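Q: Before anything else, here's the structure in question.
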Amino acid sequence: MATCKPRDNYRPWTREELDLVETAIIRDNRQYAEIAAELGRSVKSVRGAAQRIGVSACRRHWRSPDWSKLDRKIVDMLECELMTPRQIADKLTALGNPVHKDTIYRRIAAMPHNIRERARRNGTRIRVATGERVQRRRKLAAA
């Protein structure tokens, strides 16, 4: 059976350090790396201490977006701006709502028929415009 080698650089957490971790995460919303640099500890050590005292910063990780607001934006982008699902995904990401294009396609598929039809027509319009542009360029290049 293998024995664990004691860590040479281990030092126990003091109450002051744990209090600092707690306030830095809860009140100041700081990253583990910042706290670790301040305390002279590793990022993993700070993350473990935060989890042990019950103030894990996992609440800052990915959250499900508010789809009611995003669905309204998607419909507006389809109807007013005549965008395709891919363009909508790119614009929402640029606006700070990172959404994958496949998610936009799934959201549109669950919408009423008139919205789905608008998305299809927008895609057709873009493809036709692109094809016409290519034909014009070929004619200019041939002339």
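Residue numbers start at 1 in each chain; chains themselves are named A, B, ... in the order of the structure tokens; ligands are numbered from 1 in the order shown.
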For region 114-117 of chain A, work out the shell of residues within 10 Å, counting only C-alpha atoms and skipping chain neighbours fewer than 4 positions away, then give it as a VMD selection string.
A: chain A and resid 74 to 75 78 to 79 105 107 to 110 121 to 123
Q: Generate a file of the selected residues that holds all heavy atoms, formatted as a JSON list (two decimals), in the first residue's frame.
A:
[["chain", "number", "residue", "atom", "x", "y", "z"],
["A", 74, "ILE", "N", -35.25, 37.61, -30.48],
["A", 74, "ILE", "CA", -35.14, 36.76, -31.67],
["A", 74, "ILE", "C", -36.24, 37.10, -32.66],
["A", 74, "ILE", "O", -35.99, 37.27, -33.86],
["A", 74, "ILE", "CB", -35.19, 35.26, -31.27],
["A", 74, "ILE", "CG1", -33.92, 34.87, -30.52],
["A", 74, "ILE", "CG2", -35.38, 34.37, -32.49],
["A", 74, "ILE", "CD1", -33.97, 33.51, -29.86],
["A", 75, "VAL", "N", -37.47, 37.23, -32.19],
["A", 75, "VAL", "CA", -38.59, 37.56, -33.07],
["A", 75, "VAL", "C", -38.38, 38.94, -33.70],
["A", 75, "VAL", "O", -38.60, 39.12, -34.91],
["A", 75, "VAL", "CB", -39.93, 37.50, -32.31],
["A", 75, "VAL", "CG1", -41.06, 38.06, -33.15],
["A", 75, "VAL", "CG2", -40.22, 36.07, -31.89],
["A", 78, "LEU", "N", -35.81, 38.63, -36.40],
["A", 78, "LEU", "CA", -36.35, 37.95, -37.58],
["A", 78, "LEU", "C", -37.27, 38.86, -38.38],
["A", 78, "LEU", "O", -37.18, 38.92, -39.61],
["A", 78, "LEU", "CB", -37.13, 36.70, -37.15],
["A", 78, "LEU", "CG", -36.34, 35.48, -36.74],
["A", 78, "LEU", "CD1", -37.25, 34.43, -36.14],
["A", 78, "LEU", "CD2", -35.57, 34.91, -37.92],
["A", 79, "GLU", "N", -38.16, 39.57, -37.68],
["A", 79, "GLU", "CA", -39.18, 40.34, -38.38],
["A", 79, "GLU", "C", -38.73, 41.73, -38.79],
["A", 79, "GLU", "O", -39.05, 42.19, -39.88],
["A", 79, "GLU", "CB", -40.43, 40.44, -37.51],
["A", 79, "GLU", "CG", -41.11, 39.10, -37.32],
["A", 79, "GLU", "CD", -42.37, 39.18, -36.49],
["A", 79, "GLU", "OE1", -42.53, 40.16, -35.75],
["A", 79, "GLU", "OE2", -43.19, 38.25, -36.59],
["A", 105, "TYR", "N", -31.83, 27.91, -33.64],
["A", 105, "TYR", "CA", -32.66, 27.08, -34.52],
["A", 105, "TYR", "C", -33.71, 26.32, -33.72],
["A", 105, "TYR", "O", -34.87, 26.23, -34.13],
["A", 105, "TYR", "CB", -31.79, 26.09, -35.31],
["A", 105, "TYR", "CG", -31.11, 26.68, -36.51],
["A", 105, "TYR", "CD1", -29.75, 26.94, -36.51],
["A", 105, "TYR", "CD2", -31.83, 26.98, -37.67],
["A", 105, "TYR", "CE1", -29.12, 27.47, -37.62],
["A", 105, "TYR", "CE2", -31.22, 27.52, -38.78],
["A", 105, "TYR", "CZ", -29.86, 27.76, -38.76],
["A", 105, "TYR", "OH", -29.25, 28.31, -39.85],
["A", 107, "ARG", "N", -34.97, 27.15, -30.76],
["A", 107, "ARG", "CA", -35.96, 28.09, -30.23],
["A", 107, "ARG", "C", -36.96, 28.48, -31.32],
["A", 107, "ARG", "O", -38.15, 28.57, -31.08],
["A", 107, "ARG", "CB", -35.28, 29.36, -29.69],
["A", 107, "ARG", "CG", -34.33, 29.15, -28.54],
["A", 107, "ARG", "CD", -34.94, 28.55, -27.33],
["A", 107, "ARG", "NE", -35.95, 29.39, -26.71],
["A", 107, "ARG", "CZ", -36.55, 29.08, -25.58],
["A", 107, "ARG", "NH1", -36.23, 27.99, -24.92],
["A", 107, "ARG", "NH2", -37.47, 29.86, -25.08],
["A", 108, "ILE", "N", -36.46, 28.73, -32.53],
["A", 108, "ILE", "CA", -37.35, 29.11, -33.63],
["A", 108, "ILE", "C", -38.28, 27.95, -33.99],
["A", 108, "ILE", "O", -39.47, 28.15, -34.27],
["A", 108, "ILE", "CB", -36.53, 29.58, -34.85],
["A", 108, "ILE", "CG1", -35.84, 30.91, -34.52],
["A", 108, "ILE", "CG2", -37.40, 29.72, -36.09],
["A", 108, "ILE", "CD1", -34.85, 31.37, -35.56],
["A", 109, "ALA", "N", -37.76, 26.72, -33.95],
["A", 109, "ALA", "CA", -38.58, 25.55, -34.28],
["A", 109, "ALA", "C", -39.76, 25.40, -33.30],
["A", 109, "ALA", "O", -40.80, 24.86, -33.67],
["A", 109, "ALA", "CB", -37.73, 24.29, -34.26],
["A", 110, "ALA", "N", -39.61, 25.89, -32.08],
["A", 110, "ALA", "CA", -40.67, 25.79, -31.09],
["A", 110, "ALA", "C", -41.65, 26.97, -31.16],
["A", 110, "ALA", "O", -42.64, 26.98, -30.44],
["A", 110, "ALA", "CB", -40.06, 25.71, -29.69],
["A", 121, "ARG", "N", -37.88, 32.39, -44.83],
["A", 121, "ARG", "CA", -37.82, 33.40, -45.90],
["A", 121, "ARG", "C", -36.57, 34.27, -45.79],
["A", 121, "ARG", "O", -35.98, 34.65, -46.80],
["A", 121, "ARG", "CB", -39.08, 34.27, -45.86],
["A", 121, "ARG", "CG", -40.28, 33.59, -46.47],
["A", 121, "ARG", "CD", -41.40, 34.57, -46.80],
["A", 121, "ARG", "NE", -41.68, 35.53, -45.75],
["A", 121, "ARG", "CZ", -42.68, 35.44, -44.87],
["A", 121, "ARG", "NH1", -43.50, 34.41, -44.93],
["A", 121, "ARG", "NH2", -42.86, 36.36, -43.95],
["A", 122, "ASN", "N", -36.17, 34.61, -44.55],
["A", 122, "ASN", "CA", -34.96, 35.41, -44.37],
["A", 122, "ASN", "C", -33.74, 34.66, -44.90],
["A", 122, "ASN", "O", -32.88, 35.23, -45.56],
["A", 122, "ASN", "CB", -34.75, 35.76, -42.90],
["A", 122, "ASN", "CG", -35.74, 36.78, -42.41],
["A", 122, "ASN", "OD1", -36.53, 37.33, -43.17],
["A", 122, "ASN", "ND2", -35.72, 37.04, -41.11],
["A", 123, "GLY", "N", -33.66, 33.36, -44.60],
["A", 123, "GLY", "CA", -32.55, 32.56, -45.10],
["A", 123, "GLY", "C", -32.54, 32.48, -46.61],
["A", 123, "GLY", "O", -31.49, 32.60, -47.25]]
Q: Could you pull out all residues of region 5-143 of chain A with a DSSP call of alpha helix (DSSP H) and give them as number ranges by chain?
A: A: 15-26, 32-39, 43-53, 67-79, 85-94, 101-109, 113-142
Q: Could you list, as a list in words, every residue within 8 Å of Val55 (chain A), counting only C-alpha atoms and ignoring same-chain residues fewer than 4 positions away?
A: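 So, after excluding close chain neighbours, the residues are Glu22, Ile25, Ile26, Ala50 and Gln51 of chain A.
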Q: Nearest to Pro98 (chain A) among A:Met83, A:Ala141, A:Leu70, A:Met111, with distances taken over only C-alpha atoms: which residue is it?
A: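 Closest candidate: A:Leu70.
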Q: Using only C-alpha atoms, find the one residue out of A:Met77, A:Leu18, A:Leu82, A:Ala24 that sits nearest to Arg52 (chain A).
A: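 Closest to Arg52 (chain A), using only C-alpha atoms: A:Leu18.
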Q: At what distance in Å, to one decimal, does CA of Val21 (chain A) lie from CA of Ile35 (chain A)?
A: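 Atom-to-atom, CA of Ile35 (chain A) and CA of Val21 (chain A) are spaced 6.9 Å apart.
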Q: Using only C-alpha atoms, determine which residues lie at most 10 Å from region 39-48 of chain A, disregarding the query and same-chain residues fewer than 3 positions distant; provide the list as an MDAnalysis selection string.
A: chainID A and resid 9:11 13 17:18 20:21 31:36 51:58
Q: Restricting the output to N, CA, C and O atoms, write the selected residues as a short mmCIF file (atom, residue, chain, number, x, y, z; two decimals), in the first residue's frame.
A:
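Below you can see again.cif, which holds the result:
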data_model
loop_
_atom_site.label_atom_id
_atom_site.label_comp_id
_atom_site.auth_asym_id
_atom_site.auth_seq_id
_atom_site.Cartn_x
_atom_site.Cartn_y
_atom_site.Cartn_z
N ASN A 9 4.77 22.36 1.62
CA ASN A 9 4.37 23.77 1.63
C ASN A 9 2.98 24.00 2.23
O ASN A 9 2.43 25.08 2.09
N TYR A 10 2.41 23.00 2.88
CA TYR A 10 1.06 23.15 3.44
C TYR A 10 1.10 24.00 4.70
O TYR A 10 1.97 23.86 5.55
N ARG A 11 0.15 24.91 4.79
CA ARG A 11 -0.04 25.65 6.04
C ARG A 11 -1.53 25.75 6.28
O ARG A 11 -2.31 25.96 5.34
N TRP A 13 -5.28 26.99 7.28
CA TRP A 13 -5.99 28.24 7.06
C TRP A 13 -6.29 28.90 8.40
O TRP A 13 -6.77 28.26 9.32
N GLU A 17 -7.92 34.45 7.20
CA GLU A 17 -7.86 34.13 5.77
C GLU A 17 -9.22 33.63 5.26
O GLU A 17 -9.65 34.03 4.18
N LEU A 18 -9.87 32.81 6.04
CA LEU A 18 -11.18 32.30 5.65
C LEU A 18 -12.20 33.44 5.58
O LEU A 18 -13.05 33.47 4.68
N LEU A 20 -11.49 36.53 4.88
CA LEU A 20 -11.14 37.31 3.69
C LEU A 20 -11.69 36.62 2.44
O LEU A 20 -12.23 37.29 1.55
N VAL A 21 -11.55 35.30 2.37
CA VAL A 21 -12.09 34.55 1.22
C VAL A 21 -13.60 34.76 1.14
O VAL A 21 -14.15 35.03 0.06
N GLN A 31 -12.42 37.00 -8.23
CA GLN A 31 -12.03 35.71 -8.79
C GLN A 31 -11.11 34.98 -7.82
O GLN A 31 -10.41 35.60 -7.02
N TYR A 32 -11.09 33.64 -7.94
CA TYR A 32 -10.22 32.84 -7.09
C TYR A 32 -8.75 33.23 -7.28
O TYR A 32 -7.98 33.28 -6.34
N ALA A 33 -8.36 33.51 -8.52
CA ALA A 33 -6.97 33.84 -8.81
C ALA A 33 -6.52 35.12 -8.08
O ALA A 33 -5.39 35.20 -7.57
N GLU A 34 -7.40 36.11 -8.03
CA GLU A 34 -7.06 37.35 -7.32
C GLU A 34 -6.87 37.09 -5.83
O GLU A 34 -5.92 37.59 -5.22
N ILE A 35 -7.77 36.31 -5.27
CA ILE A 35 -7.70 36.02 -3.84
C ILE A 35 -6.44 35.20 -3.54
O ILE A 35 -5.74 35.46 -2.56
N ALA A 36 -6.15 34.23 -4.41
CA ALA A 36 -4.97 33.39 -4.22
C ALA A 36 -3.69 34.23 -4.25
O ALA A 36 -2.78 34.02 -3.44
N GLN A 51 -15.20 26.30 -0.89
CA GLN A 51 -16.21 25.25 -0.89
C GLN A 51 -16.42 24.70 0.52
O GLN A 51 -17.54 24.39 0.91
N ARG A 52 -15.33 24.58 1.29
CA ARG A 52 -15.45 24.06 2.65
C ARG A 52 -16.27 24.99 3.55
O ARG A 52 -17.01 24.52 4.41
N ILE A 53 -16.15 26.29 3.36
CA ILE A 53 -16.91 27.21 4.21
C ILE A 53 -18.26 27.57 3.59
O ILE A 53 -19.03 28.35 4.15
N GLY A 54 -18.55 27.01 2.42
CA GLY A 54 -19.88 27.16 1.82
C GLY A 54 -20.11 28.43 1.05
O GLY A 54 -21.25 28.87 0.91
N VAL A 55 -19.06 29.04 0.52
CA VAL A 55 -19.23 30.27 -0.26
C VAL A 55 -18.63 30.11 -1.66
O VAL A 55 -18.07 31.02 -2.21
N SER A 56 -18.78 28.94 -2.20
CA SER A 56 -18.22 28.66 -3.51
C SER A 56 -18.68 29.70 -4.52
O SER A 56 -19.83 30.13 -4.51
N ALA A 57 -17.78 30.10 -5.40
CA ALA A 57 -18.11 31.11 -6.40
C ALA A 57 -18.77 30.51 -7.62
O ALA A 57 -18.84 31.14 -8.65
N CYS A 58 -19.27 29.27 -7.52
CA CYS A 58 -19.87 28.63 -8.69
C CYS A 58 -21.12 29.39 -9.15
O CYS A 58 -21.55 29.21 -10.27
#
